[in-house]
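Read the structure below first, then the notes.
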Amino acid sequence: MDGLDEEKSDVKRFVSSRRIMRIVKHEFVPEKVKDQIMFKIPQDPGSIYVSDLFVEKYNHHELVGLKFREIWNKEA
């Protein structure tokens, strides 16, 4: 799902190809991610992004084994 707003995000790019090397600060397009519970983005195919709802359900059911890190707050 291509929901990353590359213009508003802080990204580091490879000099030769201009492809994204690393996303320093994520900014998503709210309309594209609002109904997503879990998704991946083509700019960072090795990462899985989850919503607050996913984290709440995970914690409510006392599941273990995953660590979460907030990378974007649409309210901020």
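Naming scheme: A, B, ... for chains in displayed order of the structure tokens; residues 1 onward per chain; ligands 1 onward as shown.
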Range 10-27 of chain A environment, 9 Å, only C-alpha atoms, sequence neighbours closer than 4 positions dropped, as a ChimeraX atom specification
/A:3-6,43-44,71-74
From chain A, collect each residue whose DSSP state is strand (DSSP E or B) and return the set as a PyMOL selection string.
chain A and resi 4+10-13+20-25+28+38-41+44-50
Could those residues be written to a file, using N, CA and C atoms, as a short mmCIF file (atom, residue, chain, number, x, y, z; two decimals), in the first residue's frame?
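The resulting result30.cif:
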data_model
loop_
_atom_site.label_atom_id
_atom_site.label_comp_id
_atom_site.auth_asym_id
_atom_site.auth_seq_id
_atom_site.Cartn_x
_atom_site.Cartn_y
_atom_site.Cartn_z
N LEU A 4 2.89 6.36 2.03
CA LEU A 4 3.91 7.27 2.54
C LEU A 4 3.88 8.56 1.73
N ASP A 10 10.91 12.72 6.04
CA ASP A 10 12.36 12.98 5.99
C ASP A 10 13.01 11.68 5.57
N VAL A 11 13.53 11.66 4.34
CA VAL A 11 14.13 10.44 3.80
C VAL A 11 15.56 10.70 3.37
N LYS A 12 16.38 9.67 3.49
CA LYS A 12 17.75 9.70 2.98
C LYS A 12 17.76 8.84 1.72
N ARG A 13 18.35 9.39 0.66
CA ARG A 13 18.34 8.70 -0.63
C ARG A 13 19.75 8.33 -1.07
N ILE A 20 15.04 5.51 -2.04
CA ILE A 20 15.10 5.75 -0.61
C ILE A 20 15.99 4.72 0.06
N MET A 21 16.97 5.20 0.81
CA MET A 21 17.86 4.35 1.58
C MET A 21 17.27 4.10 2.97
N ARG A 22 16.71 5.19 3.56
CA ARG A 22 16.20 5.11 4.93
C ARG A 22 15.15 6.20 5.13
N ILE A 23 14.12 5.86 5.89
CA ILE A 23 13.11 6.85 6.25
C ILE A 23 13.41 7.30 7.66
N VAL A 24 13.78 8.56 7.83
CA VAL A 24 14.13 9.12 9.13
C VAL A 24 12.87 9.51 9.89
N LYS A 25 11.95 10.18 9.22
CA LYS A 25 10.69 10.61 9.83
C LYS A 25 9.56 10.29 8.85
N PHE A 28 2.53 9.92 6.69
CA PHE A 28 1.64 9.15 5.84
C PHE A 28 0.51 10.03 5.32
N MET A 38 -2.96 -3.23 9.34
CA MET A 38 -1.59 -3.69 9.15
C MET A 38 -1.26 -3.51 7.67
N PHE A 39 -0.08 -2.95 7.38
CA PHE A 39 0.27 -2.73 5.98
C PHE A 39 1.78 -2.61 5.81
N LYS A 40 2.20 -2.70 4.57
CA LYS A 40 3.59 -2.49 4.18
C LYS A 40 3.60 -1.38 3.13
N ILE A 41 4.76 -0.74 2.98
CA ILE A 41 4.89 0.29 1.96
C ILE A 41 6.05 -0.09 1.03
N ASP A 44 9.76 0.80 1.96
CA ASP A 44 10.40 0.09 3.07
C ASP A 44 9.80 -1.31 3.17
N PRO A 45 10.06 -2.17 2.18
CA PRO A 45 9.40 -3.47 2.13
C PRO A 45 9.75 -4.43 3.26
N GLY A 46 10.78 -4.13 4.03
CA GLY A 46 11.16 -5.02 5.12
C GLY A 46 10.43 -4.74 6.43
N SER A 47 9.65 -3.67 6.47
CA SER A 47 8.94 -3.30 7.69
C SER A 47 7.45 -3.54 7.55
N ILE A 48 6.83 -3.83 8.69
CA ILE A 48 5.37 -3.98 8.75
C ILE A 48 4.86 -2.89 9.67
N TYR A 49 3.87 -2.16 9.20
CA TYR A 49 3.28 -1.06 9.95
C TYR A 49 1.92 -1.48 10.48
N VAL A 50 1.62 -1.11 11.71
CA VAL A 50 0.34 -1.47 12.31
C VAL A 50 -0.31 -0.24 12.93
#
Computed interatomic separation between CA of Phe54 in chain A and CA of Ile37 in chain A (Å)
6.0 Å
Could you please determine the separation between CA of Pro30 in chain A and CA of Asp2 in chain A in Å, to one decimal place?
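Atom-to-atom, CA of Pro30 in chain A to CA of Asp2 in chain A, that is 11.6 Å.
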Could you give me the residues within chain A that DSSP places in alpha helix (DSSP H), as a PDB file with N, CA, C and O atoms, in the first residue's frame?
ATOM      1  N   PRO A  30      -3.086  10.522   5.431  1.00  0.00           N
ATOM      2  CA  PRO A  30      -4.127  10.010   6.340  1.00  0.00           C
ATOM      3  C   PRO A  30      -5.251   9.244   5.647  1.00  0.00           C
ATOM      4  O   PRO A  30      -5.702   8.210   6.153  1.00  0.00           O
ATOM      5  N   GLU A  31      -5.691   9.716   4.499  1.00  0.00           N
ATOM      6  CA  GLU A  31      -6.798   9.053   3.797  1.00  0.00           C
ATOM      7  C   GLU A  31      -6.432   7.649   3.322  1.00  0.00           C
ATOM      8  O   GLU A  31      -7.293   6.795   3.178  1.00  0.00           O
ATOM      9  N   LYS A  32      -5.157   7.426   3.083  1.00  0.00           N
ATOM     10  CA  LYS A  32      -4.722   6.113   2.589  1.00  0.00           C
ATOM     11  C   LYS A  32      -4.504   5.109   3.715  1.00  0.00           C
ATOM     12  O   LYS A  32      -4.629   3.906   3.501  1.00  0.00           O
ATOM     13  N   VAL A  33      -4.153   5.571   4.903  1.00  0.00           N
ATOM     14  CA  VAL A  33      -3.831   4.640   5.991  1.00  0.00           C
ATOM     15  C   VAL A  33      -4.917   4.550   7.065  1.00  0.00           C
ATOM     16  O   VAL A  33      -4.839   3.688   7.936  1.00  0.00           O
ATOM     17  N   ASP A  52      -2.894   1.828  15.756  1.00  0.00           N
ATOM     18  CA  ASP A  52      -3.104   1.844  17.208  1.00  0.00           C
ATOM     19  C   ASP A  52      -4.091   0.756  17.616  1.00  0.00           C
ATOM     20  O   ASP A  52      -3.943   0.142  18.666  1.00  0.00           O
ATOM     21  N   LEU A  53      -5.104   0.526  16.787  1.00  0.00           N
ATOM     22  CA  LEU A  53      -6.090  -0.515  17.080  1.00  0.00           C
ATOM     23  C   LEU A  53      -5.421  -1.878  17.183  1.00  0.00           C
ATOM     24  O   LEU A  53      -5.720  -2.662  18.087  1.00  0.00           O
ATOM     25  N   PHE A  54      -4.502  -2.168  16.290  1.00  0.00           N
ATOM     26  CA  PHE A  54      -3.780  -3.435  16.332  1.00  0.00           C
ATOM     27  C   PHE A  54      -3.031  -3.564  17.658  1.00  0.00           C
ATOM     28  O   PHE A  54      -3.085  -4.601  18.328  1.00  0.00           O
ATOM     29  N   VAL A  55      -2.314  -2.514  18.050  1.00  0.00           N
ATOM     30  CA  VAL A  55      -1.538  -2.534  19.297  1.00  0.00           C
ATOM     31  C   VAL A  55      -2.462  -2.701  20.498  1.00  0.00           C
ATOM     32  O   VAL A  55      -2.168  -3.479  21.421  1.00  0.00           O
ATOM     33  N   GLU A  56      -3.590  -2.014  20.500  1.00  0.00           N
ATOM     34  CA  GLU A  56      -4.552  -2.141  21.608  1.00  0.00           C
ATOM     35  C   GLU A  56      -5.059  -3.571  21.733  1.00  0.00           C
ATOM     36  O   GLU A  56      -5.120  -4.119  22.838  1.00  0.00           O
ATOM     37  N   LYS A  57      -5.449  -4.181  20.631  1.00  0.00           N
ATOM     38  CA  LYS A  57      -5.944  -5.568  20.647  1.00  0.00           C
ATOM     39  C   LYS A  57      -4.844  -6.526  21.076  1.00  0.00           C
ATOM     40  O   LYS A  57      -5.078  -7.459  21.852  1.00  0.00           O
ATOM     41  N   TYR A  58      -3.643  -6.318  20.587  1.00  0.00           N
ATOM     42  CA  TYR A  58      -2.493  -7.148  20.937  1.00  0.00           C
ATOM     43  C   TYR A  58      -2.270  -7.111  22.452  1.00  0.00           C
ATOM     44  O   TYR A  58      -2.125  -8.154  23.105  1.00  0.00           O
ATOM     45  N   ASN A  59      -2.258  -5.916  23.009  1.00  0.00           N
ATOM     46  CA  ASN A  59      -2.047  -5.772  24.453  1.00  0.00           C
ATOM     47  C   ASN A  59      -3.234  -6.292  25.255  1.00  0.00           C
ATOM     48  O   ASN A  59      -3.041  -6.920  26.307  1.00  0.00           O
ATOM     49  N   HIS A  60      -4.445  -6.055  24.791  1.00  0.00           N
ATOM     50  CA  HIS A  60      -5.645  -6.516  25.494  1.00  0.00           C
ATOM     51  C   HIS A  60      -5.643  -8.038  25.659  1.00  0.00           C
ATOM     52  O   HIS A  60      -6.037  -8.561  26.696  1.00  0.00           O
TER      53      HIS A  60
END
